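Reproduced below: entry.csv, with CSV, C-alpha atoms.
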```csv
chain,number,residue,atom,x,y,z
A,111,MET,CA,74.6,82.8,56.5
A,112,ASP,CA,73.4,86.0,54.8
A,113,LEU,CA,73.9,88.7,57.4
A,114,ARG,CA,71.4,91.0,55.7
A,115,GLN,CA,68.5,88.9,56.7
A,116,TYR,CA,69.2,89.3,60.4
A,117,ASP,CA,68.5,92.1,62.9
A,118,SER,CA,71.8,94.1,63.2
A,119,ALA,CA,71.0,95.2,66.8
A,120,THR,CA,70.6,91.6,68.1
A,121,CYS,CA,74.2,90.8,67.4
A,122,SER,CA,76.4,90.3,70.5
A,123,VAL,CA,79.1,92.6,69.0
A,124,ALA,CA,76.5,95.4,68.8
A,125,ARG,CA,75.3,94.7,72.3
A,126,ALA,CA,78.8,94.7,73.7
A,127,LEU,CA,79.7,97.9,71.9
A,128,ASP,CA,76.6,99.6,73.4
A,129,ILE,CA,78.5,99.3,76.7
A,130,VAL,CA,82.2,99.2,75.9
A,131,GLY,CA,82.0,101.4,72.9
A,132,GLN,CA,81.3,104.5,75.1
A,133,PRO,CA,84.2,106.9,75.3
A,134,TRP,CA,86.8,106.1,78.0
A,135,VAL,CA,85.4,102.7,79.0
A,136,LEU,CA,88.1,100.5,77.4
A,137,LEU,CA,90.8,102.9,78.6
A,138,VAL,CA,89.4,102.8,82.1
A,139,LEU,CA,89.4,99.0,81.8
A,140,ARG,CA,93.0,99.1,80.7
A,141,GLU,CA,93.9,101.0,83.8
A,142,ALA,CA,92.1,98.5,85.9
A,143,PHE,CA,93.9,95.6,84.4
A,144,TYR,CA,97.2,97.4,85.2
A,145,GLY,CA,96.0,97.5,88.8
A,146,LEU,CA,94.9,101.2,89.1
A,147,ARG,CA,91.8,101.3,91.3
A,148,ARG,CA,91.7,104.8,92.7
A,149,PHE,CA,89.8,107.7,91.2
A,150,SER,CA,92.7,110.1,91.5
A,151,ASP,CA,95.2,107.7,90.0
A,152,ILE,CA,93.0,106.9,87.0
A,153,GLN,CA,92.1,110.5,86.5
A,154,ASP,CA,95.7,111.7,86.7
A,155,HIS,CA,96.9,109.0,84.3
A,156,LEU,CA,94.2,109.3,81.7
A,157,GLY,CA,94.1,113.1,81.8
A,158,VAL,CA,90.3,113.0,81.8
A,159,SER,CA,88.1,115.5,83.6
A,160,ARG,CA,86.7,114.6,87.0
A,161,SER,CA,83.1,114.9,85.9
A,162,VAL,CA,83.6,112.7,82.8
A,163,LEU,CA,85.4,110.0,84.8
A,164,ALA,CA,82.9,110.1,87.6
A,165,SER,CA,79.9,109.5,85.2
A,166,ARG,CA,81.9,106.9,83.3
A,167,LEU,CA,82.8,105.0,86.5
A,168,GLU,CA,79.2,105.2,87.6
A,169,ALA,CA,78.0,103.7,84.3
A,170,MET,CA,80.6,100.9,84.6
A,171,VAL,CA,79.5,100.1,88.1
A,172,ARG,CA,75.9,100.0,86.9
A,173,GLU,CA,76.9,97.6,84.1
A,174,ASP,CA,78.7,95.4,86.5
A,175,LEU,CA,82.2,95.9,85.0
A,176,LEU,CA,83.6,97.4,88.2
A,177,GLU,CA,82.5,97.3,91.8
A,178,ARG,CA,83.1,99.9,94.5
A,179,ARG,CA,85.1,99.0,97.6
A,180,PRO,CA,85.8,101.2,100.5
A,181,TYR,CA,89.4,101.8,101.6
A,182,ARG,CA,91.0,104.1,104.2
A,183,GLU,CA,94.5,105.5,104.3
A,184,PRO,CA,95.8,106.1,107.9
A,185,GLY,CA,94.4,109.5,109.1
A,186,GLN,CA,92.2,110.0,106.0
A,187,ARG,CA,88.5,109.7,105.5
A,188,GLU,CA,87.1,106.6,103.8
A,189,ARG,CA,87.3,106.6,100.0
A,190,THR,CA,86.3,104.3,97.2
A,191,GLU,CA,88.3,102.0,95.0
A,192,TYR,CA,87.0,100.5,91.7
A,193,VAL,CA,87.8,96.8,91.3
A,194,LEU,CA,87.1,94.7,88.2
A,195,THR,CA,84.2,92.2,88.5
A,196,ASP,CA,84.3,88.9,86.7
A,197,LYS,CA,82.2,90.4,84.0
A,198,GLY,CA,84.8,93.2,83.6
A,199,ARG,CA,87.7,90.8,83.6
A,200,GLY,CA,86.0,89.0,80.7
A,201,LEU,CA,86.9,91.9,78.5
A,202,TYR,CA,90.7,91.3,78.9
A,203,PRO,CA,90.9,89.5,75.5
A,204,VAL,CA,89.4,92.7,73.8
A,205,ILE,CA,92.2,94.8,75.4
A,206,VAL,CA,94.9,92.4,74.4
A,207,ALA,CA,93.6,92.1,70.9
A,208,LEU,CA,93.6,95.9,70.6
A,209,ARG,CA,97.1,96.2,72.0
A,210,GLN,CA,98.4,93.6,69.7
A,211,TRP,CA,96.9,95.3,66.6
A,212,GLY,CA,98.3,98.7,67.8
A,213,ASP,CA,101.7,97.1,68.4
A,214,GLU,CA,101.7,95.6,64.9
A,215,HIS,CA,100.4,98.6,63.0
A,216,LEU,CA,100.8,101.8,65.0
A,217,THR,CA,104.1,101.9,66.9
A,218,GLY,CA,106.3,103.0,64.1
A,219,ASP,CA,110.1,102.8,64.5
A,220,ALA,CA,110.0,103.2,68.2
A,221,GLY,CA,108.9,99.6,68.9
A,222,VAL,CA,106.3,98.4,71.3
A,223,PRO,CA,105.7,100.5,74.4
A,224,VAL,CA,104.9,97.5,76.6
A,225,HIS,CA,105.9,93.8,76.5
A,226,THR,CA,103.1,91.5,77.6
A,227,GLU,CA,104.5,88.2,78.8
A,228,HIS,CA,103.3,84.9,80.2
A,229,GLU,CA,104.1,84.9,83.9
A,230,GLY,CA,106.8,82.5,84.7
A,231,CYS,CA,107.2,81.4,81.1
A,232,GLY,CA,108.3,84.8,79.6
A,233,ALA,CA,106.9,84.2,76.1
A,234,THR,CA,104.9,87.0,74.5
A,235,VAL,CA,101.1,86.9,75.1
A,236,ARG,CA,98.7,87.5,72.2
A,237,ALA,CA,95.0,87.2,71.5
A,238,ALA,CA,94.3,84.3,69.1
A,239,LEU,CA,91.3,82.5,67.8
A,240,VAL,CA,91.0,79.0,69.0
A,241,CYS,CA,88.3,76.4,68.8
A,242,ASP,CA,86.9,74.1,71.5
A,243,ALA,CA,88.6,71.2,69.8
A,244,GLY,CA,91.9,72.9,70.5
A,245,HIS,CA,92.9,74.2,67.1
A,246,VAL,CA,94.2,77.7,66.4
A,247,VAL,CA,91.8,79.2,63.9
A,248,GLY,CA,92.6,81.5,61.0
A,249,VAL,CA,90.5,84.5,60.1
A,250,ASP,CA,89.2,82.7,57.0
A,251,GLU,CA,88.4,79.5,58.8
A,252,VAL,CA,85.3,80.7,60.6
A,253,GLU,CA,81.7,79.7,59.7
A,254,ARG,CA,78.7,81.4,61.1
A,255,ARG,CA,75.2,80.0,61.5
A,256,PRO,CA,72.1,81.5,63.3
A,257,GLY,CA,71.9,80.6,67.0
A,258,PRO,CA,68.7,80.3,69.1
A,259,GLY,CA,68.8,84.1,69.9
A,260,HIS,CA,68.8,85.3,66.3
A,261,ARG,CA,66.1,87.6,65.1
A,262,LEU,CA,65.1,88.1,61.4
A,263,ARG,CA,64.7,91.6,60.3
A,264,ALA,CA,61.1,92.9,59.9
A,265,THR,CA,61.8,93.9,56.3
A,266,ALA,CA,63.4,90.5,55.5
A,267,ALA,CA,60.1,88.7,56.3
A,268,HIS,CA,58.4,90.2,53.2
B,732,MET,CA,105.5,97.9,86.2
B,733,ASP,CA,103.8,100.9,87.6
B,734,LEU,CA,101.6,102.2,84.9
B,735,ARG,CA,101.4,105.6,86.5
B,736,GLN,CA,105.0,106.4,85.4
B,737,TYR,CA,104.2,106.0,81.7
B,738,ASP,CA,102.6,108.2,79.2
B,739,SER,CA,99.1,107.0,78.8
B,740,ALA,CA,98.8,108.1,75.1
B,741,THR,CA,101.8,106.0,74.0
B,742,CYS,CA,100.0,102.8,74.8
B,743,SER,CA,99.0,100.7,71.8
B,744,VAL,CA,95.5,100.2,73.3
B,745,ALA,CA,95.1,104.0,73.3
B,746,ARG,CA,96.5,104.3,69.7
B,747,ALA,CA,94.2,101.5,68.5
B,748,LEU,CA,91.2,103.1,70.1
B,749,ASP,CA,91.9,106.5,68.4
B,750,ILE,CA,91.0,104.7,65.2
B,751,VAL,CA,88.6,101.8,66.0
B,752,GLY,CA,87.0,103.6,69.0
B,753,GLN,CA,85.3,106.0,66.6
B,754,PRO,CA,81.5,105.4,66.3
B,755,TRP,CA,80.5,102.7,63.8
B,756,VAL,CA,84.0,101.6,62.9
B,757,LEU,CA,83.8,98.2,64.7
B,758,LEU,CA,80.3,97.6,63.4
B,759,VAL,CA,81.4,98.4,59.8
B,760,LEU,CA,84.2,96.0,60.3
B,761,ARG,CA,81.8,93.3,61.6
B,762,GLU,CA,79.8,93.8,58.3
B,763,ALA,CA,83.0,93.4,56.3
B,764,PHE,CA,83.9,90.2,58.1
B,765,TYR,CA,80.5,88.9,57.2
B,766,GLY,CA,81.2,89.7,53.6
B,767,LEU,CA,79.2,92.9,53.1
B,768,ARG,CA,81.1,95.2,50.8
B,769,ARG,CA,78.6,97.5,49.2
B,770,PHE,CA,77.6,100.9,50.5
B,771,SER,CA,73.9,100.2,50.2
B,772,ASP,CA,74.1,96.8,51.9
B,773,ILE,CA,76.1,98.2,54.8
B,774,GLN,CA,73.9,101.2,55.2
B,775,ASP,CA,70.7,99.3,55.0
B,776,HIS,CA,71.8,96.7,57.5
B,777,LEU,CA,73.3,99.1,60.0
B,778,GLY,CA,70.5,101.6,59.7
B,779,VAL,CA,73.1,104.4,59.7
B,780,SER,CA,72.7,107.7,57.7
B,781,ARG,CA,74.3,107.9,54.3
B,782,SER,CA,76.4,110.9,55.3
B,783,VAL,CA,77.7,109.3,58.5
B,784,LEU,CA,78.6,106.0,56.7
B,785,ALA,CA,80.3,107.9,53.9
B,786,SER,CA,82.5,109.8,56.2
B,787,ARG,CA,83.3,106.7,58.3
B,788,LEU,CA,84.2,104.7,55.2
B,789,GLU,CA,86.4,107.5,54.0
B,790,ALA,CA,88.2,107.5,57.4
B,791,MET,CA,88.6,103.7,57.3
B,792,VAL,CA,90.1,103.8,53.8
B,793,ARG,CA,92.4,106.6,54.9
B,794,GLU,CA,93.5,104.4,57.9
B,795,ASP,CA,94.0,101.5,55.6
B,796,LEU,CA,91.4,99.3,57.2
B,797,LEU,CA,89.4,99.0,54.0
B,798,GLU,CA,90.3,99.5,50.3
B,799,ARG,CA,88.0,100.7,47.5
B,800,ARG,CA,87.5,98.4,44.5
B,801,PRO,CA,85.4,99.2,41.5
B,802,TYR,CA,82.6,96.9,40.4
B,803,ARG,CA,79.9,97.1,37.8
B,804,GLU,CA,76.5,95.3,37.7
B,805,PRO,CA,75.3,94.6,34.1
B,806,GLY,CA,73.7,97.7,32.7
B,807,GLN,CA,74.7,99.9,35.7
B,808,ARG,CA,77.3,102.5,36.2
B,809,GLU,CA,80.6,101.6,37.9
B,810,ARG,CA,80.3,101.6,41.7
B,811,THR,CA,82.7,101.0,44.6
B,812,GLU,CA,83.1,98.1,47.0
B,813,TYR,CA,84.9,98.3,50.3
B,814,VAL,CA,87.2,95.3,51.0
B,815,LEU,CA,89.2,94.5,54.1
B,816,THR,CA,92.9,95.1,53.9
B,817,ASP,CA,95.3,93.0,55.9
B,818,LYS,CA,95.5,95.7,58.5
B,819,GLY,CA,91.7,95.6,58.8
B,820,ARG,CA,91.6,91.8,58.9
B,821,GLY,CA,94.0,92.0,61.9
B,822,LEU,CA,91.1,93.4,63.9
B,823,TYR,CA,89.1,90.2,63.7
B,824,PRO,CA,90.3,89.0,67.2
B,825,VAL,CA,88.8,92.2,68.6
B,826,ILE,CA,85.4,91.5,67.0
B,827,VAL,CA,85.5,87.9,68.2
B,828,ALA,CA,86.4,88.9,71.7
B,829,LEU,CA,83.6,91.4,71.8
B,830,ARG,CA,81.1,88.9,70.4
B,831,GLN,CA,82.1,86.3,73.0
B,832,TRP,CA,81.7,88.7,75.9
B,833,GLY,CA,78.3,89.7,74.5
B,834,ASP,CA,77.3,86.1,74.1
B,835,GLU,CA,78.3,85.3,77.7
B,836,HIS,CA,76.9,88.4,79.4
B,837,LEU,CA,74.3,90.1,77.3
B,838,THR,CA,72.1,87.5,75.5
B,839,GLY,CA,69.7,86.8,78.3
B,840,ASP,CA,67.4,83.8,78.0
B,841,ALA,CA,67.2,83.9,74.2
B,842,GLY,CA,70.6,82.3,73.7
B,843,VAL,CA,73.4,83.3,71.4
B,844,PRO,CA,72.3,85.0,68.1
B,845,VAL,CA,75.1,83.5,66.0
B,846,HIS,CA,77.2,80.4,66.3
B,847,THR,CA,80.8,81.0,65.2
B,848,GLU,CA,82.4,77.7,64.3
B,849,HIS,CA,85.7,76.4,63.0
B,850,GLU,CA,85.2,75.6,59.4
B,851,GLY,CA,85.3,71.9,58.7
B,852,CYS,CA,85.8,71.0,62.4
B,853,GLY,CA,82.5,72.5,63.7
B,854,ALA,CA,83.8,73.4,67.2
B,855,THR,CA,83.0,76.8,68.6
B,856,VAL,CA,85.6,79.6,67.9
B,857,ARG,CA,86.6,81.9,70.7
B,858,ALA,CA,89.2,84.5,71.4
B,859,ALA,CA,91.8,83.3,73.9
B,860,LEU,CA,95.1,84.5,75.2
B,861,VAL,CA,98.0,82.3,74.1
B,862,CYS,CA,101.7,82.7,74.5
B,863,ASP,CA,104.4,82.1,71.9
B,864,ALA,CA,105.4,79.0,73.8
B,865,GLY,CA,102.0,77.5,73.0
B,866,HIS,CA,100.3,77.9,76.4
B,867,VAL,CA,96.8,79.1,76.9
B,868,VAL,CA,97.2,82.1,79.3
B,869,GLY,CA,94.8,83.1,82.1
B,870,VAL,CA,93.9,86.8,82.8
B,871,ASP,CA,96.0,86.7,86.0
B,872,GLU,CA,99.1,85.1,84.3
B,873,VAL,CA,100.2,88.2,82.4
B,874,GLU,CA,103.2,90.3,83.3
B,875,ARG,CA,104.1,93.6,81.7
B,876,ARG,CA,107.4,95.4,81.3
B,877,PRO,CA,108.3,98.5,79.4
B,878,GLY,CA,109.3,97.9,75.7
B,879,PRO,CA,111.6,100.1,73.5
B,880,GLY,CA,108.7,102.4,72.5
B,881,HIS,CA,107.7,103.3,76.1
B,882,ARG,CA,107.7,106.9,77.1
B,883,LEU,CA,107.9,108.2,80.7
B,884,ARG,CA,105.5,110.9,81.7
B,885,ALA,CA,106.9,114.4,81.9
B,886,THR,CA,105.6,114.7,85.5
B,887,ALA,CA,107.1,111.4,86.4
B,888,ALA,CA,110.6,112.7,85.6
B,889,HIS,CA,110.6,115.1,88.5
```

Please, can you express the file's structure as structure tokens?
Amino acid sequence: MDLRQYDSATCSVARALDIVGQPWVLLVLREAFYGLRRFSDIQDHLGVSRSVLASRLEAMVREDLLERRPYREPGQRERTEYVLTDKGRGLYPVIVALRQWGDEHLTGDAGVPVHTEHEGCGATVRAALVCDAGHVVGVDEVERRPGPGHRLRATAAH
Amino acid sequence: MDLRQYDSATCSVARALDIVGQPWVLLVLREAFYGLRRFSDIQDHLGVSRSVLASRLEAMVREDLLERRPYREPGQRERTEYVLTDKGRGLYPVIVALRQWGDEHLTGDAGVPVHTEHEGCGATVRAALVCDAGHVVGVDEVERRPGPGHRLRATAAH
């Protein structure tokens, strides 16, 4: 498959990056996977300004990565938590793959900051490529062919 | 593990995003995984300006994601190709995880633009979480504990 013949913007990677490639989105998702749901907790931990975080959370709700849920502490007014949707949870392999690459290449002598383990089993969790036939797949063992949603480039039609 | 006690910037996800979260980096890597190596091919396919692509490629070489290699077409002057390093190739699971999420959530009725298949076997390739004991791991089956490179937040020490 010669990538140059195909419309770059139709690619699922490009479409995904239109959403999750925006600043802070993957870091907010990381916080959510760790269980942080409250504006003040996320803001305090990330060190991001209130206005930036507010607009980012609004976009993430609009894109159905997070949903708003009301909560109320005793004696306080009602506030809003941000909880991962199924669509948002679908991005966990992206986070794990980024973490793993950072662990391998960017930690230096200090070692990994966080161990990620299989609950109950204790073995290290990593992102891997697998195929539906159950094989673990190497980076060089992948073939690509156009699917039904491909689009040729206008210029490639000449 | 209460994430709030730990320094957000020490996380491998944050460190990885400092590099691959820059505009165009993951899209340039996608082009590289498809075999595009030449400035003009990448620029033409992505539709990015020459100056932006040049500075992005320079940063990616500096970060050891790509390396420069000279090539020469017959009768032409020597030019430069950009080839994935091992460190760059380590980001393939990130690309596959993004593609898969885009395929699942963003293609609409048109269907997937590209099939990604296990060479020889033909089965669809996907990014999955696995553990070193050989289990496939669900999003909710992950436990985290501080590793040797963790850093407590200054404010958490009080």

Given identical sequences, can you show me chain A least-squares superposed on chain B via all its Cα atoms in order, as a tab-separated table (two decimals) with C-alpha atoms, in the frame of the given file?
```tsv
chain	number	residue	atom	x	y	z
A	111	MET	CA	105.56	97.83	86.12
A	112	ASP	CA	103.89	100.92	87.63
A	113	LEU	CA	101.58	102.18	84.91
A	114	ARG	CA	101.45	105.65	86.43
A	115	GLN	CA	104.96	106.42	85.47
A	116	TYR	CA	104.29	105.96	81.77
A	117	ASP	CA	102.69	108.20	79.12
A	118	SER	CA	99.03	107.00	78.79
A	119	ALA	CA	98.81	108.14	75.12
A	120	THR	CA	101.82	106.02	74.00
A	121	CYS	CA	100.04	102.82	74.82
A	122	SER	CA	99.05	100.67	71.80
A	123	VAL	CA	95.51	100.22	73.24
A	124	ALA	CA	95.10	104.02	73.24
A	125	ARG	CA	96.50	104.29	69.75
A	126	ALA	CA	94.23	101.58	68.43
A	127	LEU	CA	91.19	103.08	70.09
A	128	ASP	CA	91.97	106.46	68.43
A	129	ILE	CA	91.03	104.66	65.20
A	130	VAL	CA	88.66	101.84	66.08
A	131	GLY	CA	87.06	103.59	68.96
A	132	GLN	CA	85.23	106.03	66.59
A	133	PRO	CA	81.53	105.40	66.33
A	134	TRP	CA	80.49	102.78	63.74
A	135	VAL	CA	84.00	101.56	62.88
A	136	LEU	CA	83.85	98.17	64.65
A	137	LEU	CA	80.30	97.64	63.39
A	138	VAL	CA	81.37	98.45	59.87
A	139	LEU	CA	84.23	95.98	60.37
A	140	ARG	CA	81.77	93.39	61.54
A	141	GLU	CA	79.82	93.79	58.37
A	142	ALA	CA	82.94	93.41	56.36
A	143	PHE	CA	83.91	90.23	58.04
A	144	TYR	CA	80.41	88.88	57.23
A	145	GLY	CA	81.20	89.67	53.60
A	146	LEU	CA	79.14	92.90	53.09
A	147	ARG	CA	81.15	95.19	50.82
A	148	ARG	CA	78.61	97.49	49.24
A	149	PHE	CA	77.63	100.90	50.54
A	150	SER	CA	73.93	100.26	50.19
A	151	ASP	CA	74.06	96.88	51.86
A	152	ILE	CA	76.04	98.17	54.85
A	153	GLN	CA	73.90	101.23	55.14
A	154	ASP	CA	70.64	99.29	54.96
A	155	HIS	CA	71.83	96.74	57.53
A	156	LEU	CA	73.31	99.10	60.05
A	157	GLY	CA	70.51	101.66	59.75
A	158	VAL	CA	73.08	104.46	59.67
A	159	SER	CA	72.68	107.67	57.69
A	160	ARG	CA	74.36	107.96	54.31
A	161	SER	CA	76.46	110.93	55.31
A	162	VAL	CA	77.72	109.27	58.53
A	163	LEU	CA	78.63	106.04	56.72
A	164	ALA	CA	80.26	107.85	53.86
A	165	SER	CA	82.62	109.85	56.22
A	166	ARG	CA	83.22	106.73	58.29
A	167	LEU	CA	84.15	104.65	55.22
A	168	GLU	CA	86.38	107.44	54.03
A	169	ALA	CA	88.22	107.53	57.37
A	170	MET	CA	88.64	103.72	57.27
A	171	VAL	CA	90.05	103.85	53.80
A	172	ARG	CA	92.45	106.57	54.92
A	173	GLU	CA	93.54	104.38	57.86
A	174	ASP	CA	94.08	101.46	55.62
A	175	LEU	CA	91.37	99.23	57.17
A	176	LEU	CA	89.40	98.99	53.93
A	177	GLU	CA	90.28	99.57	50.31
A	178	ARG	CA	87.99	100.68	47.50
A	179	ARG	CA	87.43	98.43	44.49
A	180	PRO	CA	85.38	99.19	41.50
A	181	TYR	CA	82.59	96.81	40.45
A	182	ARG	CA	79.87	96.98	37.77
A	183	GLU	CA	76.52	95.25	37.68
A	184	PRO	CA	75.30	94.48	34.09
A	185	GLY	CA	73.68	97.70	32.68
A	186	GLN	CA	74.68	99.84	35.70
A	187	ARG	CA	77.32	102.46	36.13
A	188	GLU	CA	80.53	101.58	37.96
A	189	ARG	CA	80.31	101.62	41.76
A	190	THR	CA	82.64	101.01	44.65
A	191	GLU	CA	83.01	98.11	47.01
A	192	TYR	CA	84.91	98.27	50.35
A	193	VAL	CA	87.17	95.27	50.96
A	194	LEU	CA	89.14	94.58	54.14
A	195	THR	CA	92.93	95.12	53.91
A	196	ASP	CA	95.32	92.98	55.88
A	197	LYS	CA	95.50	95.68	58.45
A	198	GLY	CA	91.67	95.57	58.76
A	199	ARG	CA	91.58	91.81	58.95
A	200	GLY	CA	93.98	92.06	61.90
A	201	LEU	CA	91.15	93.39	63.97
A	202	TYR	CA	89.12	90.11	63.68
A	203	PRO	CA	90.27	88.95	67.18
A	204	VAL	CA	88.80	92.27	68.68
A	205	ILE	CA	85.41	91.45	67.03
A	206	VAL	CA	85.43	87.89	68.22
A	207	ALA	CA	86.42	88.85	71.70
A	208	LEU	CA	83.55	91.35	71.80
A	209	ARG	CA	81.06	88.83	70.47
A	210	GLN	CA	82.12	86.27	72.93
A	211	TRP	CA	81.74	88.67	75.90
A	212	GLY	CA	78.29	89.78	74.56
A	213	ASP	CA	77.28	86.13	74.12
A	214	GLU	CA	78.33	85.33	77.69
A	215	HIS	CA	76.87	88.37	79.40
A	216	LEU	CA	74.24	90.06	77.25
A	217	THR	CA	72.05	87.54	75.42
A	218	GLY	CA	69.71	86.74	78.21
A	219	ASP	CA	67.38	83.72	77.91
A	220	ALA	CA	67.23	83.87	74.19
A	221	GLY	CA	70.68	82.31	73.65
A	222	VAL	CA	73.35	83.37	71.26
A	223	PRO	CA	72.24	85.04	68.04
A	224	VAL	CA	75.08	83.57	65.98
A	225	HIS	CA	77.21	80.40	66.29
A	226	THR	CA	80.81	80.95	65.25
A	227	GLU	CA	82.41	77.67	64.25
A	228	HIS	CA	85.72	76.35	63.00
A	229	GLU	CA	85.28	75.56	59.32
A	230	GLY	CA	85.34	71.91	58.71
A	231	CYS	CA	85.83	71.07	62.37
A	232	GLY	CA	82.50	72.54	63.71
A	233	ALA	CA	83.79	73.38	67.21
A	234	THR	CA	82.95	76.80	68.62
A	235	VAL	CA	85.53	79.58	67.94
A	236	ARG	CA	86.58	81.93	70.75
A	237	ALA	CA	89.22	84.56	71.38
A	238	ALA	CA	91.81	83.31	73.91
A	239	LEU	CA	95.10	84.46	75.23
A	240	VAL	CA	97.97	82.34	74.21
A	241	CYS	CA	101.70	82.69	74.48
A	242	ASP	CA	104.42	82.10	71.87
A	243	ALA	CA	105.45	79.01	73.75
A	244	GLY	CA	102.02	77.59	73.04
A	245	HIS	CA	100.30	77.86	76.39
A	246	VAL	CA	96.79	79.21	76.94
A	247	VAL	CA	97.17	82.12	79.31
A	248	GLY	CA	94.84	83.17	82.10
A	249	VAL	CA	93.93	86.76	82.80
A	250	ASP	CA	96.07	86.72	85.96
A	251	GLU	CA	99.05	85.14	84.31
A	252	VAL	CA	100.22	88.18	82.38
A	253	GLU	CA	103.32	90.29	83.25
A	254	ARG	CA	104.03	93.59	81.69
A	255	ARG	CA	107.40	95.30	81.29
A	256	PRO	CA	108.34	98.53	79.34
A	257	GLY	CA	109.24	97.90	75.69
A	258	PRO	CA	111.61	100.01	73.54
A	259	GLY	CA	108.70	102.38	72.55
A	260	HIS	CA	107.71	103.35	76.08
A	261	ARG	CA	107.71	106.95	77.10
A	262	LEU	CA	107.90	108.22	80.75
A	263	ARG	CA	105.50	110.87	81.66
A	264	ALA	CA	106.87	114.46	81.91
A	265	THR	CA	105.57	114.76	85.47
A	266	ALA	CA	107.07	111.37	86.47
A	267	ALA	CA	110.61	112.65	85.69
A	268	HIS	CA	110.51	115.07	88.67
```

Original post:
Which distance in Å separates atom CA of A:Met170 and atom CA of A:Gln153, to one decimal?
Top reply: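 Atom CA of A:Gln153 lies at a distance of 15.1 Å from atom CA of A:Met170.
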
**OP:** Quick one: everything within 12 Å of A:Arg140, counting all atoms listed in the file, minus sequence neighbours fewer than 3 positions away in the same chain. Send it as number ranges by chain.
**Re:** A: 130, 134-137, 143-147, 152, 155-156, 194, 198-199, 201-206, 208-209; B: 734, 739, 742-745, 748

Original post:
If you measure from atom CA of B:Ala790 to atom CA of A:Gly212, what distance in Å do you get, rounded to one decimal?
Top reply: 17.0 Å

**OP:** Quote the spacing between atom CA of A:Glu188 and atom CA of A:Glu168 in Å to one decimal place.
**Re:**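 Straight-line distance from atom CA of A:Glu188 to atom CA of A:Glu168 works out to 18.1 Å.
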
**OP:** Find the residues around stretch 251-259 of chain A up to 8 Å (all atoms listed in the file counted), leave out those fewer than 5 positions away in its own chain, and share them as a PyMOL selection string.
**Re:** (chain A and resi 111+120) or (chain B and resi 838+841-850+856)

Original post:
Which residue out of B:Ala885, B:Ala858, B:Val867, B:Val759 has the minimum interatomic distance to chain A when all atoms listed in the file are used?
Top reply: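 For chain A, the nearest of the candidates is B:Ala858.
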
Original post:
In terms of the shortest atom-to-atom distance over all atoms listed in the file, which of B:Leu760, B:Ala828, B:Val814, B:Leu883 is closest to chain A?
Top reply: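 Smallest distance to chain A is found for B:Ala828.
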
Original post:
Contacts of B:Arg857 at 8 Å or less, counting only C-alpha atoms, minus same-chain residues fewer than 5 places along, as a PyMOL selection string?
Top reply: (chain A and resi 239-242) or (chain B and resi 827-828+831)

Subject >> B:Asp775 surroundings by all atoms listed in the file, 12 Å radius, close-in-sequence under 5 positions cut, as number ranges by chain >> reply: A: 113-118, 263, 265-266; B: 759, 762, 767-770, 780-781, 784

Start from the incomplete input, build N, CA and C atoms for stretch 243-254 of chain A, and deliver everything as an mmCIF file, in the frame of the given file.
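Final output, selection28.cif:
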```
data_model
loop_
_atom_site.group_PDB
_atom_site.id
_atom_site.type_symbol
_atom_site.label_atom_id
_atom_site.label_comp_id
_atom_site.auth_asym_id
_atom_site.auth_seq_id
_atom_site.Cartn_x
_atom_site.Cartn_y
_atom_site.Cartn_z
ATOM 1 N N ALA A 243 87.891 72.446 70.020
ATOM 2 C CA ALA A 243 88.600 71.200 69.800
ATOM 3 C C ALA A 243 90.125 71.405 69.883
ATOM 4 N N GLY A 244 90.535 72.642 70.233
ATOM 5 C CA GLY A 244 91.900 72.900 70.500
ATOM 6 C C GLY A 244 92.767 73.382 69.344
ATOM 7 N N HIS A 245 92.118 73.704 68.227
ATOM 8 C CA HIS A 245 92.900 74.200 67.100
ATOM 9 C C HIS A 245 93.014 75.739 67.162
ATOM 10 N N VAL A 246 94.127 76.230 66.662
ATOM 11 C CA VAL A 246 94.200 77.700 66.400
ATOM 12 C C VAL A 246 93.551 77.930 65.056
ATOM 13 N N VAL A 247 92.690 78.952 65.023
ATOM 14 C CA VAL A 247 91.800 79.200 63.900
ATOM 15 C C VAL A 247 92.186 80.436 63.138
ATOM 16 N N GLY A 248 92.312 80.347 61.828
ATOM 17 C CA GLY A 248 92.600 81.500 61.000
ATOM 18 C C GLY A 248 91.376 82.353 60.731
ATOM 19 N N VAL A 249 91.597 83.607 60.369
ATOM 20 C CA VAL A 249 90.500 84.500 60.100
ATOM 21 C C VAL A 249 89.531 83.978 59.050
ATOM 22 N N ASP A 250 90.072 83.241 58.070
ATOM 23 C CA ASP A 250 89.200 82.700 57.000
ATOM 24 C C ASP A 250 88.666 81.353 57.258
ATOM 25 N N GLU A 251 88.871 80.845 58.458
ATOM 26 C CA GLU A 251 88.400 79.500 58.800
ATOM 27 C C GLU A 251 87.216 79.494 59.704
ATOM 28 N N VAL A 252 86.433 80.583 59.641
ATOM 29 C CA VAL A 252 85.300 80.700 60.600
ATOM 30 C C VAL A 252 84.000 80.637 59.782
ATOM 31 N N GLU A 253 83.084 79.796 60.255
ATOM 32 C CA GLU A 253 81.700 79.700 59.700
ATOM 33 C C GLU A 253 80.733 80.222 60.696
ATOM 34 N N ARG A 254 79.682 80.863 60.202
ATOM 35 C CA ARG A 254 78.700 81.400 61.100
ATOM 36 C C ARG A 254 77.313 80.803 60.733
#
```
